[in-house]
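**Q** This is the structure I want to talk about, given as structure tokens.
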Amino acid sequence: MLGPVGVRLGEAGPVAPRGERPREVLAVLCIRRGRPTPAATILDLVWDDAAPMLDVGVVHTVVGRLRRQFGADLVHRTDAGYLLGSGAALDTDRFDELAGALRTAPAEDPLGRRERLCREALALWAGDTAYDGVREELVRPERVRLAELRRAVRMDLASGLLDAGARPESPGATAEALSLAQDLLAANPVDEDAAVLCMRAAYRLGRAGHALRVFDTLRRTLRAELGIDPGVAARKVHARILAQDATLDGVGHRDSPGGRRLPVPVSPTVGRERERSEVLGALRAGRRLVTVTGPAGVGKSRMLADVGAALPSGTPVAHVSVGAHTRQSAPDLAGALAVTSGVPLGGADAVAALVRSLRSRQLVVLVDEAEWAPEATATLASAVLGGAPMVQLVVASRVPLNVLGERLVELAPLPLPDPAGPVESLRSCAAVRLLLERLVDRGVAPDPDPTAWSAQELRAVAGAVVRLDGLPLAIELLAAAAGAEPGRELGDLLRVERPLELRSTDRGREERHESLRGALAWSVGRLDPDTRAVLARLSVFAGRFSAAAARGVVDYPPADVDRAVQHLAGQHLVGVERVCDRVYFRLLRTVRELAREELVGAGHEQSALLRHQAWFAGMWRDAPLSDGLVEHVGDHYDDYLEAMTGALGRGADDVAADIATTLCRRWLFIEASGPGQSWTGAVLERRGITAGQRARLQIAAAGFANHLDLSPEGHDRMVTALVADPDWTCLLLLMEAIAAYVAGDLSNASTRLAEAMRVSTAGAPHHLPELTATRAVVAAAAGDHELAVAGAHQALARVGESLSAVHQVTVIPKIALALLDAGRPAEALDLLERSCGQAHERFGIEPTPTTATNAGWAALALDRAEVAAGWFTRALVGPQAFEAPGAVGEAAAGLGAARAESDPAGAGELLELGLLLLEEAGQTLPRSLRDRIRSAASRLGPPATRTGWTPDLAVVRVRQLAARAGAGHAEAP
């Protein structure tokens with residue numbers, strides 16, 4: 001049990017007379033720590049159905065007993081309700097702290113620090129269940145979150161032990177790793193990560209047969225429960241074991257995230273070769289917009305995935321689903337596409353900002369379920385076609401977009417056979433082959449080869465697909481239903497009570513939805529009540545979800561949820577997706593609609609939405625920026641937005657603020673200032689957020705605006721609000737230091753950094769690399785080059801050899817800037833070029849504008865003017881481009897200096913506009929950069945006098961000049 005340190009609720013928790021429920025009261029206060037909870041709320045939560053027969057006096061009694069037993073400081077009473085004392089030490093806090101330290105600890109750890117962290121964290125658990133003895137519905141999201149975090153720590157320990165087991169000084173580590181992996185696999189037989197660890201450990205111990213049995217069991221379980229095969233990692237280890245690969249016995253390496261995040265079908269596509277070739281041929285011929293149309297359930301999303309998988313290796317691809325929300329506008333879609341493609345979205349006009357960001361980028365955009373917002377999709381597509389010449393769109397929609405230049409590819413139902421026709425024609429029919437393969441997948445028949453089936457069986461199959469009009473979704477639903485009733489005659493399994501009513505896909509035809517709903521209701525109606533109830537509750541997810549998220553949101557015992565999800569996946573009512581070797585689930589849009597209707601009809605919609613919002617609010621609450629956070633928000637972006645808007649809609653301002661804070665972490669990371677400014681502004685207007693939440697969002701808002709100007713009183717208010725939050729206190733001080741540095745106030749910048757270093761050392765050590773690098777930048781600007789170089793090298797040592805994505809974006813550019821200002825441009829440029837290549841290879845990250853600008857100055861200092869111009873241009877008009885006037889001004893001045901010899905006229909105007917923007921922003925460049933600009937300006941002669949120029953107009957003109965210059969310079973590396 002995890003609870004207050006020293007108060008093991010699962011062992012010898014509070015003792016009280018029957019009915020007082022002190023464990024539950026204390027659990028509620030622990031989970032809502034930092035937020036006063038009214039006694040009436042506690043009464044409703046803890047006593048549930050019995051609450052109407054009681055009054056709040058019972059809460060006061062229980063709290064009094066808790067104070068007597070554990071000390072008066074355990075619970076405080078405020079005007080707003082009861083509050084757990086700030087001095088109460090919770091072992092949940094300590095567990096989260098240790099787990100967070102593991103996220104930031106170096107992967108290679110010869111001194112065993114990761115192992116010590118893992119063991120200390122796991123030692124806090126007195127059993128397998130957090131908050132043992134507390135009613136499930138009170139603590140479900142927190143209980144599931146802690147269970148998943150415990151699994152991650154156990155995985156980390158097992159992996160570390162396996163690595164250590166290859167060393168002579170750790171003879172027993174491999175055996176312990178195997179034991180841990182077996183325990184994890186026993187708890188979840190479809191846990192592929194645990195299976196891989198188990199196989200590796202068993203093989204190292206000389207038990208190759210055991211390792212092979214683990215893989216065989218995993219494969220059979222995945223096929224039976226989810227209808228999929230093991231992922232790449234498991235298959236590779238299996239192949240190496242079969243080959244008796246000697247290198248498998250060495251120290252393992254953790255895989256790095258990366259690669260294209262596209263939906264991948266988990267079973268082969270049947271009968272769509274011609275249409276797929278037609279789409280790919282249109283793209284090769286230069287068609288900019290290809291729309292795949294057809295009725296619901298015909299396989300448009302699958303076609304989109306097949307096209308994405310068939311594109312040439314290295315093709316930049318983004319995927320966005322319009323149907324993730326029920327209502328979308330063109331700006332909403334622009335924001336979603338900006339997030340999935342990793343480009344910034346600043347300014348009031350989201351569509352125009354997206355087009356600017358994509359103007360010089362080559363990209364294939366796959367747009368799914370466009371029929372849910374055809375006008376908005378058409379508006380965005382038209383804008384992209386007109387302003388981003390190297391972007392191609394492949395759209396799946398039930399109706400055409402009717403945009404100029406649109407190429408339509410119709411995806412019709414599969415051709416129907418004649419059940420009474422020749423057997424050979426039945427065997428070659430795509431619809432028949434599809435149903436045969438799916439029946440084999442469901443275990444109804446042993447062989448997908450049509451020649452192995454009798455004429456009678458083939459005619460029964462052909463009759464079924466004719467009655468289903470050859471619609472792939474209906475065929476797969478039929479196969480799933482047949483697989484749920486083994487032992488019956490094939491003819492009985494395939495006999496449909498009535499034909500499915502599949503009609504035209506004309507826009508606005510409600511009958512089309514009714515017919516699909518009928519097909520789905522026929523399948524859903526065959527579920528047992530509990531599985532059907534789980535399906536209804538899963539409808540609150542807007543996008544893909546993990547098994548852990550399902551357990552956290554659905555109010556059934558976790559094991560029952562797992563079984564239900566696996567059964568639904570086997571029934572094809574829940575889709576299975578594999579992303580970077582992880583398994584996710586997703587409801588088809590039509591299934592989600594039907595399930596939501598059942599949820600509303602049963603009166604459980606609000607409670608399910610509350611749990612959905614609580615899950616995403618608590619997922620990364622109080623967690624620092626990490627690769628895992630950025631990746632998770634990207635994978636589940638639609639659900640984060642849905643949860644936040646839902647919380648705002650019901651007035652749960654504190655829940656919405658927690659979700660917004662997590663979203664801000666990612667928006668800041670990818671420089672998506674448009675959605676960031678919009679949503680932080682909306683949440684900051686709400687009265688129900690706490691002082692700490694308000695301070696965090698204000699810091700994030702300042703980051704999106706690239707401007708922070710706090711009065712001493714404002715600074716003190718922020719620090720007070722963040723008194724127990726060293727992570728965001730460091731961010732505040734860092735942002736203030738950068739603002740002072742930009743303004744030329746190096747003394748103030750040093751003071752803020754010194755304070756930030758003190759706070760970081762005491763409670764947020766993950767900030768030390770960035771703070772150390774920033775301190776080196778300030779030292780270089782002050783002329784202390786020796787200190788700057790030492791600080792840069794110290795920051796490099798802190799991040800280690802294996803850089804995280806966070807370090808690539810937040811630390812490396814600052815280290816390079818310090819080296820540049822300290823007179824080491826060659827070292828700075830080499831570091832940036834290596835970092836950019838590594839970031840792209842490992843994480844798919846493009847250089848940020850800050851990285852590009854710093855690389856430009858370094859190249860310019862080495863007299864590599866064309867390379868410098870390429871970098872500066874990238875910062876101004878590339879896929880990620882500056883939005884803030886001061887940053888645009890610095891890059892414009894750099895580009896002008898780089899083009900002084902090759903394009904004097906354009907360079908002079910760029911220099912003039914850049915200096916104007918820098919002056920407007922109050923930004924002061926380091927002396928070395930000012931000298932470089934003055935040298936270029938002296939060669940160009942006196943600038944023309946400009947009057948009446950606004951910053952916005954100057955930024956537009958800079959982008960025009962940069963785009964024109966970009967056509968004639970060498971590309972940056």
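Chain labels follow the order of the structure tokens: the first chain is A, the next B, and so on; residue numbering restarts at 1 in every chain, and ligands are counted from 1 in their shown order.
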Would you mind listing what lies within 8 Å of Ile812 in chain A as a list in words, with only C-alpha atoms counted and same-chain residues fewer than 5 positions away left out?
**A**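 Close residues of Ile812 in chain A: Leu796, His807, Leu831, Leu832 and Ser835 of chain A.
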**Q** So that I can check the surroundings of range 763-778 of chain A, please list as JSON, numbers by chain every protein, DNA and RNA residue that reaches within 8 Å of it, counting only C-alpha atoms and ignoring chain neighbours fewer than 2 positions away.
**A** {"A": [104, 726, 727, 730, 734, 738, 741, 746, 749, 750, 753, 756, 757, 759, 760, 761, 780, 781, 782, 787, 788, 789, 790, 791, 792, 794, 795, 796, 798, 799, 807, 810, 811, 814, 815, 817, 818, 819, 821]}
**Q** Given the choices A:Asp709, A:Glu457, A:Glu846, A:Asp156, which gets closest to Ser341 in chain A if the distance is worked out from only C-alpha atoms?
**A** A:Glu846
**Q** Quick one: DSSP helix (DSSP H, G or I) residues in range 303-378 of chain A, as an MDAnalysis selection string?
**A** chainID A and resid 303:310 322:324 330:341 350:358 370:372 374:378
**Q** Arg899 in chain A: which residues within 12 Å, counting only C-alpha atoms, same-chain residues fewer than 6 positions away excluded, as a PyMOL selection string?
**A** chain A and resi 856+860+863-870+872-873+892-893+905-911+933+936-937+939-940+961-962+964-966+968-970
**Q** Which is closer to Leu641 in chain A than all the others in A:Asp183, A:Glu593, A:Asp658, A:Glu371, using only C-alpha atoms?
**A** A:Asp658
**Q** Please list as an mmCIF file with C-alpha atoms, in the first residue's frame every residue within 8 Å of range 608-623 of chain A, counting only C-alpha atoms and excluding residues in the same chain fewer than 2 positions away.
**A**
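Writing done, so here's result-v7.cif:
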data_model
loop_
_atom_site.group_PDB
_atom_site.id
_atom_site.type_symbol
_atom_site.label_atom_id
_atom_site.label_comp_id
_atom_site.auth_asym_id
_atom_site.auth_seq_id
_atom_site.Cartn_x
_atom_site.Cartn_y
_atom_site.Cartn_z
ATOM 1 C CA GLY A 100 11.040 10.794 -11.879
ATOM 2 C CA PRO A 141 -7.140 6.539 -11.583
ATOM 3 C CA GLU A 142 -4.412 6.958 -8.964
ATOM 4 C CA ARG A 145 -1.350 5.197 -12.480
ATOM 5 C CA ARG A 537 -17.351 3.384 -21.430
ATOM 6 C CA VAL A 540 -15.120 8.487 -24.152
ATOM 7 C CA PHE A 541 -11.712 8.033 -25.818
ATOM 8 C CA ALA A 549 -5.751 3.958 -19.859
ATOM 9 C CA GLY A 552 -7.966 3.778 -15.420
ATOM 10 C CA VAL A 553 -11.121 5.062 -17.075
ATOM 11 C CA VAL A 554 -13.518 2.114 -17.014
ATOM 12 C CA ASP A 555 -15.104 1.538 -13.601
ATOM 13 C CA HIS A 604 -23.288 6.648 -17.225
ATOM 14 C CA GLU A 605 -21.880 9.221 -19.646
ATOM 15 C CA GLN A 606 -21.018 11.900 -17.090
ATOM 16 C CA LEU A 625 9.502 17.704 -18.980
ATOM 17 C CA LEU A 629 5.762 13.147 -21.567
ATOM 18 C CA ASP A 639 -7.789 12.809 -25.817
ATOM 19 C CA TYR A 640 -5.854 15.448 -23.920
ATOM 20 C CA ALA A 643 -10.481 15.935 -21.621
ATOM 21 C CA MET A 644 -9.455 19.578 -21.182
ATOM 22 C CA GLY A 646 -14.756 18.644 -21.234
ATOM 23 C CA ALA A 647 -13.399 19.753 -17.870
ATOM 24 C CA VAL A 655 -8.719 19.583 -13.708
ATOM 25 C CA ALA A 656 -8.588 21.574 -16.953
ATOM 26 C CA ASP A 658 -3.647 20.275 -14.938
ATOM 27 C CA ILE A 659 -4.322 19.000 -18.464
ATOM 28 C CA THR A 662 0.770 19.004 -19.554
#
**Q** With only C-alpha atoms as the basis for distance, which of A:Asp725, A:Asp73, A:Asp245, A:Asp91 is at the shortest distance from Ala208 in chain A?
**A** A:Asp245
**Q** Which neighbours of Leu218 in chain A fall inside 12 Å, counting only C-alpha atoms, when residues of the same chain fewer than 3 positions from it are skipped, and could you give them as a PDB file with N, CA and C atoms, in the first residue's frame?
**A**
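Final file, selection_17.pdb:
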ATOM      1  N   LEU A 185       5.446 -10.850 -16.738  1.00  0.00           N
ATOM      2  CA  LEU A 185       4.743 -11.558 -17.807  1.00  0.00           C
ATOM      3  C   LEU A 185       3.548 -12.333 -17.257  1.00  0.00           C
ATOM      4  N   ALA A 186       3.688 -12.860 -16.049  1.00  0.00           N
ATOM      5  CA  ALA A 186       2.559 -13.566 -15.438  1.00  0.00           C
ATOM      6  C   ALA A 186       1.405 -12.608 -15.155  1.00  0.00           C
ATOM      7  N   ASN A 188       0.736  -9.922 -16.895  1.00  0.00           N
ATOM      8  CA  ASN A 188       0.150  -9.488 -18.161  1.00  0.00           C
ATOM      9  C   ASN A 188       0.754 -10.325 -19.284  1.00  0.00           C
ATOM     10  N   PRO A 189       0.109 -11.397 -19.679  1.00  0.00           N
ATOM     11  CA  PRO A 189       0.696 -12.317 -20.681  1.00  0.00           C
ATOM     12  C   PRO A 189       0.932 -11.713 -22.053  1.00  0.00           C
ATOM     13  N   VAL A 190       0.377 -10.525 -22.342  1.00  0.00           N
ATOM     14  CA  VAL A 190       0.628  -9.896 -23.641  1.00  0.00           C
ATOM     15  C   VAL A 190       1.623  -8.751 -23.525  1.00  0.00           C
ATOM     16  N   ASP A 191       2.354  -8.683 -22.417  1.00  0.00           N
ATOM     17  CA  ASP A 191       3.376  -7.651 -22.223  1.00  0.00           C
ATOM     18  C   ASP A 191       4.624  -8.053 -23.009  1.00  0.00           C
ATOM     19  N   GLU A 192       4.781  -7.492 -24.195  1.00  0.00           N
ATOM     20  CA  GLU A 192       5.878  -7.892 -25.076  1.00  0.00           C
ATOM     21  C   GLU A 192       7.236  -7.455 -24.542  1.00  0.00           C
ATOM     22  N   ASP A 193       7.293  -6.283 -23.875  1.00  0.00           N
ATOM     23  CA  ASP A 193       8.572  -5.845 -23.300  1.00  0.00           C
ATOM     24  C   ASP A 193       9.073  -6.843 -22.265  1.00  0.00           C
ATOM     25  N   ALA A 194       8.161  -7.303 -21.405  1.00  0.00           N
ATOM     26  CA  ALA A 194       8.547  -8.282 -20.396  1.00  0.00           C
ATOM     27  C   ALA A 194       8.962  -9.602 -21.050  1.00  0.00           C
ATOM     28  N   ALA A 195       8.261  -9.981 -22.104  1.00  0.00           N
ATOM     29  CA  ALA A 195       8.610 -11.226 -22.796  1.00  0.00           C
ATOM     30  C   ALA A 195      10.006 -11.155 -23.398  1.00  0.00           C
ATOM     31  N   VAL A 196      10.347 -10.004 -23.986  1.00  0.00           N
ATOM     32  CA  VAL A 196      11.681  -9.843 -24.563  1.00  0.00           C
ATOM     33  C   VAL A 196      12.757  -9.963 -23.480  1.00  0.00           C
ATOM     34  N   CYS A 198      12.478 -11.532 -20.663  1.00  0.00           N
ATOM     35  CA  CYS A 198      12.462 -12.922 -20.204  1.00  0.00           C
ATOM     36  C   CYS A 198      13.251 -13.814 -21.172  1.00  0.00           C
ATOM     37  N   MET A 199      13.062 -13.613 -22.459  1.00  0.00           N
ATOM     38  CA  MET A 199      13.767 -14.410 -23.463  1.00  0.00           C
ATOM     39  C   MET A 199      15.274 -14.165 -23.389  1.00  0.00           C
ATOM     40  N   ALA A 211      13.495 -19.892 -23.398  1.00  0.00           N
ATOM     41  CA  ALA A 211      13.311 -18.633 -24.120  1.00  0.00           C
ATOM     42  C   ALA A 211      12.396 -18.823 -25.327  1.00  0.00           C
ATOM     43  N   LEU A 212      12.579 -19.901 -26.055  1.00  0.00           N
ATOM     44  CA  LEU A 212      11.737 -20.159 -27.224  1.00  0.00           C
ATOM     45  C   LEU A 212      10.294 -20.437 -26.822  1.00  0.00           C
ATOM     46  N   ARG A 213      10.097 -21.118 -25.668  1.00  0.00           N
ATOM     47  CA  ARG A 213       8.725 -21.372 -25.197  1.00  0.00           C
ATOM     48  C   ARG A 213       8.037 -20.058 -24.815  1.00  0.00           C
ATOM     49  N   VAL A 214       8.805 -19.119 -24.243  1.00  0.00           N
ATOM     50  CA  VAL A 214       8.232 -17.815 -23.906  1.00  0.00           C
ATOM     51  C   VAL A 214       7.694 -17.142 -25.169  1.00  0.00           C
ATOM     52  N   PHE A 215       8.493 -17.167 -26.243  1.00  0.00           N
ATOM     53  CA  PHE A 215       8.051 -16.540 -27.490  1.00  0.00           C
ATOM     54  C   PHE A 215       6.825 -17.257 -28.056  1.00  0.00           C
ATOM     55  N   THR A 221      -0.774 -16.325 -27.479  1.00  0.00           N
ATOM     56  CA  THR A 221      -1.651 -15.468 -26.670  1.00  0.00           C
ATOM     57  C   THR A 221      -2.075 -14.228 -27.453  1.00  0.00           C
ATOM     58  N   LEU A 222      -1.120 -13.598 -28.135  1.00  0.00           N
ATOM     59  CA  LEU A 222      -1.464 -12.413 -28.923  1.00  0.00           C
ATOM     60  C   LEU A 222      -2.445 -12.760 -30.040  1.00  0.00           C
ATOM     61  N   ARG A 223      -2.227 -13.890 -30.686  1.00  0.00           N
ATOM     62  CA  ARG A 223      -3.133 -14.274 -31.756  1.00  0.00           C
ATOM     63  C   ARG A 223      -4.529 -14.564 -31.219  1.00  0.00           C
ATOM     64  N   ALA A 224      -4.592 -15.247 -30.078  1.00  0.00           N
ATOM     65  CA  ALA A 224      -5.893 -15.618 -29.521  1.00  0.00           C
ATOM     66  C   ALA A 224      -6.631 -14.421 -28.949  1.00  0.00           C
ATOM     67  N   GLU A 225      -5.888 -13.533 -28.250  1.00  0.00           N
ATOM     68  CA  GLU A 225      -6.555 -12.449 -27.541  1.00  0.00           C
ATOM     69  C   GLU A 225      -6.747 -11.207 -28.409  1.00  0.00           C
ATOM     70  N   LEU A 226      -5.755 -10.873 -29.241  1.00  0.00           N
ATOM     71  CA  LEU A 226      -5.807  -9.614 -29.974  1.00  0.00           C
ATOM     72  C   LEU A 226      -5.805  -9.785 -31.478  1.00  0.00           C
ATOM     73  N   GLY A 227      -5.547 -10.995 -31.969  1.00  0.00           N
ATOM     74  CA  GLY A 227      -5.515 -11.212 -33.405  1.00  0.00           C
ATOM     75  C   GLY A 227      -4.315 -10.616 -34.101  1.00  0.00           C
ATOM     76  N   ILE A 228      -3.182 -10.444 -33.371  1.00  0.00           N
ATOM     77  CA  ILE A 228      -1.976  -9.870 -33.954  1.00  0.00           C
ATOM     78  C   ILE A 228      -0.796 -10.774 -33.639  1.00  0.00           C
ATOM     79  N   ASP A 229       0.316 -10.519 -34.329  1.00  0.00           N
ATOM     80  CA  ASP A 229       1.559 -11.243 -34.096  1.00  0.00           C
ATOM     81  C   ASP A 229       2.478 -10.428 -33.207  1.00  0.00           C
ATOM     82  N   PRO A 230       3.505 -11.060 -32.621  1.00  0.00           N
ATOM     83  CA  PRO A 230       4.475 -10.305 -31.818  1.00  0.00           C
ATOM     84  C   PRO A 230       5.138  -9.209 -32.645  1.00  0.00           C
ATOM     85  N   GLY A 231       5.603  -8.163 -31.946  1.00  0.00           N
ATOM     86  CA  GLY A 231       6.212  -7.027 -32.610  1.00  0.00           C
ATOM     87  C   GLY A 231       7.636  -7.298 -33.060  1.00  0.00           C
ATOM     88  N   ALA A 234      10.391  -8.485 -30.338  1.00  0.00           N
ATOM     89  CA  ALA A 234      10.294  -9.889 -29.934  1.00  0.00           C
ATOM     90  C   ALA A 234      10.709 -10.822 -31.070  1.00  0.00           C
ATOM     91  N   ARG A 235      10.313 -10.488 -32.287  1.00  0.00           N
ATOM     92  CA  ARG A 235      10.671 -11.349 -33.418  1.00  0.00           C
ATOM     93  C   ARG A 235      12.176 -11.349 -33.660  1.00  0.00           C
ATOM     94  N   HIS A 238      13.812 -13.516 -31.031  1.00  0.00           N
ATOM     95  CA  HIS A 238      13.501 -14.908 -31.348  1.00  0.00           C
ATOM     96  C   HIS A 238      14.406 -15.423 -32.464  1.00  0.00           C
TER      97      HIS A 238
END
**Q** DSSP on the backbone: what in range 508-615 of chain A comes out strand (DSSP E), as a list in words?
**A**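 Reading the DSSP output for range 508-615 of chain A, strand (DSSP E) covers Val574, Gly575, Val576, Glu577, Arg578, Val579, Arg582, Val583, Tyr584, Phe585, Arg586 and Leu587 of chain A.
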**Q** Would you save the residues of that selection, restricted to all heavy atoms, as a compact mmCIF listing (two decimals), in the first residue's frame?
**A**
# COMPACT_ATOMS: atom_id res chain seq x y z
N VAL A 574 -13.04 -3.27 -31.38
CA VAL A 574 -11.95 -2.37 -30.98
C VAL A 574 -10.78 -2.67 -31.90
O VAL A 574 -10.37 -3.83 -32.02
CB VAL A 574 -11.56 -2.57 -29.50
CG1 VAL A 574 -10.28 -1.81 -29.18
CG2 VAL A 574 -12.68 -2.11 -28.58
N GLY A 575 -10.26 -1.62 -32.55
CA GLY A 575 -9.12 -1.81 -33.43
C GLY A 575 -7.84 -1.92 -32.63
O GLY A 575 -7.72 -1.37 -31.54
N VAL A 576 -6.89 -2.64 -33.18
CA VAL A 576 -5.57 -2.81 -32.56
C VAL A 576 -4.54 -2.14 -33.45
O VAL A 576 -4.50 -2.38 -34.65
CB VAL A 576 -5.22 -4.30 -32.38
CG1 VAL A 576 -3.88 -4.44 -31.67
CG2 VAL A 576 -6.32 -5.01 -31.59
N GLU A 577 -3.73 -1.27 -32.85
CA GLU A 577 -2.70 -0.56 -33.59
C GLU A 577 -1.36 -0.82 -32.93
O GLU A 577 -1.26 -0.88 -31.70
CB GLU A 577 -2.95 0.95 -33.61
CG GLU A 577 -4.23 1.36 -34.31
CD GLU A 577 -4.41 2.87 -34.32
OE1 GLU A 577 -3.49 3.58 -33.85
OE2 GLU A 577 -5.46 3.33 -34.78
N ARG A 578 -0.33 -0.95 -33.75
CA ARG A 578 1.02 -1.13 -33.23
C ARG A 578 1.83 0.11 -33.60
O ARG A 578 1.99 0.41 -34.79
CB ARG A 578 1.67 -2.38 -33.80
CG ARG A 578 2.96 -2.77 -33.10
CD ARG A 578 3.53 -4.03 -33.71
NE ARG A 578 2.75 -5.22 -33.39
CZ ARG A 578 2.80 -5.83 -32.22
NH1 ARG A 578 3.56 -5.35 -31.25
NH2 ARG A 578 2.09 -6.91 -32.00
N VAL A 579 2.32 0.85 -32.61
CA VAL A 579 3.09 2.06 -32.82
C VAL A 579 4.43 1.89 -32.13
O VAL A 579 4.50 1.79 -30.90
CB VAL A 579 2.37 3.31 -32.27
CG1 VAL A 579 3.21 4.55 -32.50
CG2 VAL A 579 1.00 3.46 -32.93
N ARG A 582 4.65 -0.81 -29.66
CA ARG A 582 3.69 -0.79 -28.54
C ARG A 582 2.28 -1.01 -29.10
O ARG A 582 1.97 -0.56 -30.19
CB ARG A 582 3.76 0.54 -27.78
CG ARG A 582 5.04 0.71 -27.00
CD ARG A 582 4.96 1.97 -26.15
NE ARG A 582 4.87 3.16 -26.97
CZ ARG A 582 5.93 3.79 -27.48
NH1 ARG A 582 7.13 3.31 -27.29
NH2 ARG A 582 5.78 4.90 -28.19
N VAL A 583 1.45 -1.68 -28.32
CA VAL A 583 0.09 -2.00 -28.76
C VAL A 583 -0.89 -1.00 -28.18
O VAL A 583 -0.89 -0.73 -26.96
CB VAL A 583 -0.30 -3.43 -28.33
CG1 VAL A 583 -1.76 -3.70 -28.67
CG2 VAL A 583 0.59 -4.45 -29.02
N TYR A 584 -1.68 -0.41 -29.06
CA TYR A 584 -2.75 0.49 -28.64
C TYR A 584 -4.08 -0.03 -29.20
O TYR A 584 -4.11 -0.88 -30.10
CB TYR A 584 -2.52 1.91 -29.17
CG TYR A 584 -1.34 2.62 -28.55
CD1 TYR A 584 -0.14 2.73 -29.24
CD2 TYR A 584 -1.43 3.19 -27.28
CE1 TYR A 584 0.95 3.39 -28.68
CE2 TYR A 584 -0.35 3.84 -26.72
CZ TYR A 584 0.83 3.94 -27.42
OH TYR A 584 1.90 4.58 -26.86
N PHE A 585 -5.15 0.54 -28.66
CA PHE A 585 -6.49 0.18 -29.11
C PHE A 585 -7.20 1.44 -29.59
O PHE A 585 -6.87 2.55 -29.17
CB PHE A 585 -7.29 -0.48 -27.98
CG PHE A 585 -6.61 -1.70 -27.41
CD1 PHE A 585 -5.80 -1.61 -26.29
CD2 PHE A 585 -6.78 -2.94 -28.01
CE1 PHE A 585 -5.17 -2.72 -25.77
CE2 PHE A 585 -6.15 -4.06 -27.50
CZ PHE A 585 -5.34 -3.95 -26.38
N ARG A 586 -8.18 1.25 -30.45
CA ARG A 586 -8.96 2.38 -30.94
C ARG A 586 -10.33 1.89 -31.37
O ARG A 586 -10.45 0.83 -31.98
CB ARG A 586 -8.26 3.06 -32.12
CG ARG A 586 -8.98 4.31 -32.61
CD ARG A 586 -8.45 4.75 -33.96
NE ARG A 586 -7.09 5.23 -33.92
CZ ARG A 586 -6.74 6.50 -33.67
NH1 ARG A 586 -7.68 7.39 -33.45
NH2 ARG A 586 -5.47 6.85 -33.67
N LEU A 587 -11.34 2.68 -31.05
CA LEU A 587 -12.69 2.39 -31.53
C LEU A 587 -12.88 3.02 -32.89
O LEU A 587 -12.48 4.17 -33.11
CB LEU A 587 -13.75 2.94 -30.58
CG LEU A 587 -14.26 2.02 -29.47
CD1 LEU A 587 -13.14 1.73 -28.48
CD2 LEU A 587 -15.44 2.67 -28.74
**Q** One decimal, Å: what's the distance from CA of Arg666 in chain A over to CA of Arg874 in chain A, could you say?
**A**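 Separating CA of Arg666 in chain A from CA of Arg874 in chain A is a distance of 21.7 Å.
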**Q** Could you give me, as a list of chain:residue names, the residues within 8 Å of Thr690 in chain A, counting only C-alpha atoms and dropping anything in the same chain fewer than 3 positions from it?
**A**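 The neighbour list is A:Arg35, A:Asp654, A:Gln693, A:Arg694.
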**Q** I need the chosen residues saved as a PDB file, in the first residue's frame, with C-alpha atoms.
**A**
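selection35.pdb, written as the output of this step:
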ATOM      1  CA  ARG A  35      -6.620  21.320  -2.859  1.00  0.00           C
ATOM      2  CA  ASP A 654      -8.484  22.777 -11.642  1.00  0.00           C
ATOM      3  CA  GLN A 693      -1.677  26.295 -11.476  1.00  0.00           C
ATOM      4  CA  ARG A 694      -2.066  29.928 -12.453  1.00  0.00           C
TER       5      ARG A 694
END
**Q** Of the candidates A:Ala839, A:Val877, A:Ala27, A:Ala595, which one gets nearest to Asp132 in chain A if we count only C-alpha atoms?
**A**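 Distance minimum relative to Asp132 in chain A lands on A:Ala27.
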**Q** For Arg442 in chain A, list every protein, DNA or RNA residue within 7 Å, evaluated using only C-alpha atoms, and leave out those in the same chain fewer than 2 positions away; present the list as a list in words.
**A** Arg438, Leu439, Val440, Val444, Ala479, Ala480 and Gly483 of chain A
